[in-house]
Number of protein chains: 2
Amino acid sequence: MAPGERRKREKEQRRKTILKAARKLFFKRGYNPVTVSDIAKKVELSKGAIYLYFSSKEEICAQVLLDDIEKFHGEVLPIFEGGAGASEIFAEFAHMYVDFFLKDRELFRMFMNFMLHANNLNLPDDTNKRIIRETNKAVSVTENIFQYGIDKGEFTLRKEDIRTMRNTFWGMLNGIISLHLFIGRESTREERIRSNVNKCLGIFIEGLKKTE
Amino acid sequence: MAPGERRKREKEQRRKTILKAARKLFFKRGYNPVTVSDIAKKVELSKGAIYLYFSSKEEICAQVLLDDIEKFHGEVLPIFEGGAGASEIFAEFAHMYVDFFLKDRELFRMFMNFMLHANNLNLPDDTNKRIIRETNKAVSVTENIFQYGIDKGEFTLRKEDIRTMRNTFWGMLNGIISLHLFIGRESTREERIRSNVNKCLGIFIEGLKKTE
DNA sequence: TCGGAAGATGACTCATGGTCATACTTTGAC
DNA sequence: GTCAAAGTATGACCATGAGTCATCTTCCGA
């Protein structure tokens, strides 16, 4: 047996347990209201022990989000494989994206906060590398859909406009969700977001098809 | 002289002084790093005195943002008066919006945070009313541009789609700015945001003209 | 001149992220 | 089996910062 191999596995396991507990707490009550002691209590450890596995509360949050986003990317990649048209792939992607962010009450808020402040956070190098990796994946997934549509002749988008459209698309999705968190009644939120994204998407795709 | 009239004015004046100082500090260093004592020191008051004028640090922040947004709306409204086409008004609005948010380093971050969490903040009724008032103003300004374009026959947008397009438009603007805070180098940020917004806007307006 | 109201103070409380001296447990070399 | 080093865990403790409150000062009208 390699030296310390089992220990490593156990450590990794404990890390995951902590993340799982933190995830539940964060998504239920939001980032700020959850204390590190809360997380520690939930996994039956002392607060100090948490800091053996993570460098800060912010890092725990970052890891939770990255795990989720990684999972999301894993689920999204297969949508290219069915041979569907780009419009359908687009729509499917948008729906998955919205579903992803609506599945837990606080997820989007945390994600947006993370996006807004990621540059100022003092995260370990590993975590920063993960951020870059997942960001690149996100970028390439969306760009691929545009490329796919161009290749299939569905969109007449110029290659140099892909990046702009990608930003517009992401901006649109994220912006609409934030907007609906701000305006309107809580009770109809999910429904409104879904329907609004659907409509925007329709217009967006029509626009893509018509642009020459 | 009405009883206490001067005192009232003085109180209002001091409120404004505090807000001005807070604004400067927040925009320079961001919300979290600035302490209430910092603000107090800057206006040569004690911390306790600050709480005679505001109920919480969050309220100070909300008031600062609302003042700025109110000013923005004041500046934006005259753009309808020149008799320009809807496309131009659109572009001008978008540029003013971007300029507004890029004029101070931290403003957009604070604004976005505010949007994301406004519902959970425990603000006094007056402040909440102001939020509603300014939100409605924002909504109606953008909607008016769409309506103006329809009336002038520039866009063939259906009336029932105005709301969707308004959301798309806002989402797009806010989303693009957030996205660029997250990705890419700090040094080229403003420039990238402006150019990207320009491109998106071009495509958006073209789309509006073509939709039938 | 006096009493009450408004304005102002800063020491204090309290919550919370993060640290550290200490102690317990496991491992592997001998 | 023994022991030292490495790894794991603890919780009292520290620093910080938002918000409070007993107390004091200033102002104003009667």
# chains A, B, ... in the order shown; residues from 1 in each chain; ligands from 1
$ residues_around --residues "DG18 (chain C)" --least-positions-apart "6" --cutoff "10 Å" --atoms "only C-alpha atoms (C1' of nucleotides)" --output "list in words"
Val36, Lys47, Gly48, Tyr51, Ser55, Ser56 and Lys57 of chain A; DC14 and DA15 of chain D
$ closest_atom_pairs --of "chain A" --to "chain D" --cutoff "8 Å" --atoms "only C-alpha atoms (C1' of nucleotides)" --output "tab-separated table"
residue	atom	partner	partner_atom	distance
A:Leu45	CA	D:DA9	C1'	7.8
A:Ser46	CA	D:DT10	C1'	6.3
A:Gly48	CA	D:DT10	C1'	7.2
A:Ala49	CA	D:DA9	C1'	6.0
$ interface_residues --of "chain C" --to "chain B" --cutoff "10 Å" --atoms "only C-alpha atoms (C1' of nucleotides)" --output "list in words"
DA6, DG7, DA8, DT9 and DG10 of chain C
$ write_last_selection --atoms "N, CA and C atoms (P, O5', C5', C4', C3', O3' and C1' of nucleotides)" --output "PDB file, in the first residue's frame"
ATOM      1  P    DA C   6     -37.942  66.255  20.047  1.00  0.00           P
ATOM      2  O5'  DA C   6     -36.514  66.588  19.447  1.00  0.00           O
ATOM      3  C5'  DA C   6     -36.195  67.936  19.116  1.00  0.00           C
ATOM      4  C4'  DA C   6     -34.709  68.052  18.964  1.00  0.00           C
ATOM      5  C3'  DA C   6     -34.087  66.926  18.127  1.00  0.00           C
ATOM      6  O3'  DA C   6     -33.274  67.535  17.138  1.00  0.00           O
ATOM      7  C1'  DA C   6     -32.924  67.171  20.172  1.00  0.00           C
ATOM      8  P    DG C   7     -32.414  66.686  16.161  1.00  0.00           P
ATOM      9  O5'  DG C   7     -31.001  66.746  16.871  1.00  0.00           O
ATOM     10  C5'  DG C   7     -30.367  68.013  17.053  1.00  0.00           C
ATOM     11  C4'  DG C   7     -28.977  67.799  17.602  1.00  0.00           C
ATOM     12  C3'  DG C   7     -28.142  66.794  16.825  1.00  0.00           C
ATOM     13  O3'  DG C   7     -26.862  67.387  16.612  1.00  0.00           O
ATOM     14  C1'  DG C   7     -28.187  66.196  19.112  1.00  0.00           C
ATOM     15  P    DA C   8     -25.762  66.584  15.814  1.00  0.00           P
ATOM     16  O5'  DA C   8     -24.988  65.865  16.981  1.00  0.00           O
ATOM     17  C5'  DA C   8     -24.208  66.664  17.886  1.00  0.00           C
ATOM     18  C4'  DA C   8     -23.519  65.755  18.853  1.00  0.00           C
ATOM     19  C3'  DA C   8     -22.698  64.624  18.224  1.00  0.00           C
ATOM     20  O3'  DA C   8     -21.333  64.893  18.496  1.00  0.00           O
ATOM     21  C1'  DA C   8     -23.961  63.874  20.107  1.00  0.00           C
ATOM     22  P    DT C   9     -20.214  63.865  18.013  1.00  0.00           P
ATOM     23  O5'  DT C   9     -19.988  62.983  19.305  1.00  0.00           O
ATOM     24  C5'  DT C   9     -19.682  63.648  20.526  1.00  0.00           C
ATOM     25  C4'  DT C   9     -19.570  62.629  21.632  1.00  0.00           C
ATOM     26  C3'  DT C   9     -18.680  61.435  21.288  1.00  0.00           C
ATOM     27  O3'  DT C   9     -17.540  61.477  22.106  1.00  0.00           O
ATOM     28  C1'  DT C   9     -20.706  60.773  22.377  1.00  0.00           C
ATOM     29  P    DG C  10     -16.171  60.980  21.559  1.00  0.00           P
ATOM     30  O5'  DG C  10     -16.056  59.568  22.277  1.00  0.00           O
ATOM     31  C5'  DG C  10     -16.300  59.474  23.676  1.00  0.00           C
ATOM     32  C4'  DG C  10     -16.596  58.023  24.029  1.00  0.00           C
ATOM     33  C3'  DG C  10     -15.728  56.980  23.300  1.00  0.00           C
ATOM     34  O3'  DG C  10     -15.567  55.850  24.147  1.00  0.00           O
ATOM     35  C1'  DG C  10     -17.937  56.556  22.849  1.00  0.00           C
TER      36       DG C  10
END
$ interface_residues --of "chain B" --to "chain A" --cutoff "8 Å" --atoms "only C-alpha atoms" --output "PyMOL selection string"
chain B and resi 109+113+115-119+164-165+167-179+181-182+196+199-200+207+210-211
$ closest_residue --among "B:Arg194, B:Thr17, B:Leu65, B:Gly85" --to "Asp151 (chain B)" --atoms "only C-alpha atoms"
B:Gly85
$ residues_around --residues "Lys103 (chain A)" --least-positions-apart "6" --cutoff "12 Å" --atoms "only C-alpha atoms (C1' of nucleotides)" --output "ChimeraX atom specification"
/A:27-28,68,72,95-97,190
$ write_last_selection --atoms "N, CA and C atoms" --output "mmCIF file, in the first residue's frame"
data_model
loop_
_atom_site.group_PDB
_atom_site.id
_atom_site.type_symbol
_atom_site.label_atom_id
_atom_site.label_comp_id
_atom_site.auth_asym_id
_atom_site.auth_seq_id
_atom_site.Cartn_x
_atom_site.Cartn_y
_atom_site.Cartn_z
ATOM 1 N N PHE A 27 -27.574 26.869 0.586
ATOM 2 C CA PHE A 27 -28.722 26.942 -0.311
ATOM 3 C C PHE A 27 -30.014 27.160 0.453
ATOM 4 N N LYS A 28 -30.018 26.742 1.700
ATOM 5 C CA LYS A 28 -31.232 26.896 2.491
ATOM 6 C C LYS A 28 -31.339 28.301 3.077
ATOM 7 N N ASP A 68 -20.973 22.372 -8.349
ATOM 8 C CA ASP A 68 -22.265 22.406 -9.023
ATOM 9 C C ASP A 68 -22.110 22.749 -10.503
ATOM 10 N N PHE A 72 -23.027 20.661 -13.807
ATOM 11 C CA PHE A 72 -23.871 21.239 -14.855
ATOM 12 C C PHE A 72 -23.223 21.058 -16.226
ATOM 13 N N HIS A 95 -32.790 26.237 -21.175
ATOM 14 C CA HIS A 95 -33.672 25.647 -20.166
ATOM 15 C C HIS A 95 -32.886 24.972 -19.067
ATOM 16 N N MET A 96 -31.822 24.272 -19.477
ATOM 17 C CA MET A 96 -30.992 23.624 -18.461
ATOM 18 C C MET A 96 -30.361 24.665 -17.553
ATOM 19 N N TYR A 97 -29.948 25.753 -18.172
ATOM 20 C CA TYR A 97 -29.309 26.817 -17.405
ATOM 21 C C TYR A 97 -30.272 27.387 -16.360
ATOM 22 N N GLU A 190 -40.341 31.917 -10.276
ATOM 23 C CA GLU A 190 -39.806 30.869 -11.159
ATOM 24 C C GLU A 190 -40.523 30.856 -12.496
#
$ select_by_dssp --residues "region 53-180 of chain A" --states "helix (DSSP H, G or I)" --output "NGL selection string"
:A and (53 or 57-80 or 86-102 or 107-120 or 125-151 or 159-180)
$ closest_residue --among "A:Glu92, A:Asp67, A:Arg192, A:Phe111" --to "Arg130 (chain A)" --atoms "only C-alpha atoms"
A:Asp67
$ atom_distance --atom1 "CA of Lys24 (chain B)" --atom2 "CA of Lys8 (chain B)"
24.6 Å
$ closest_residue --among "B:Thr188, B:Ser87, B:Gln63, B:Asn32" --to "Glu106 (chain B)" --atoms "only C-alpha atoms"
B:Asn32
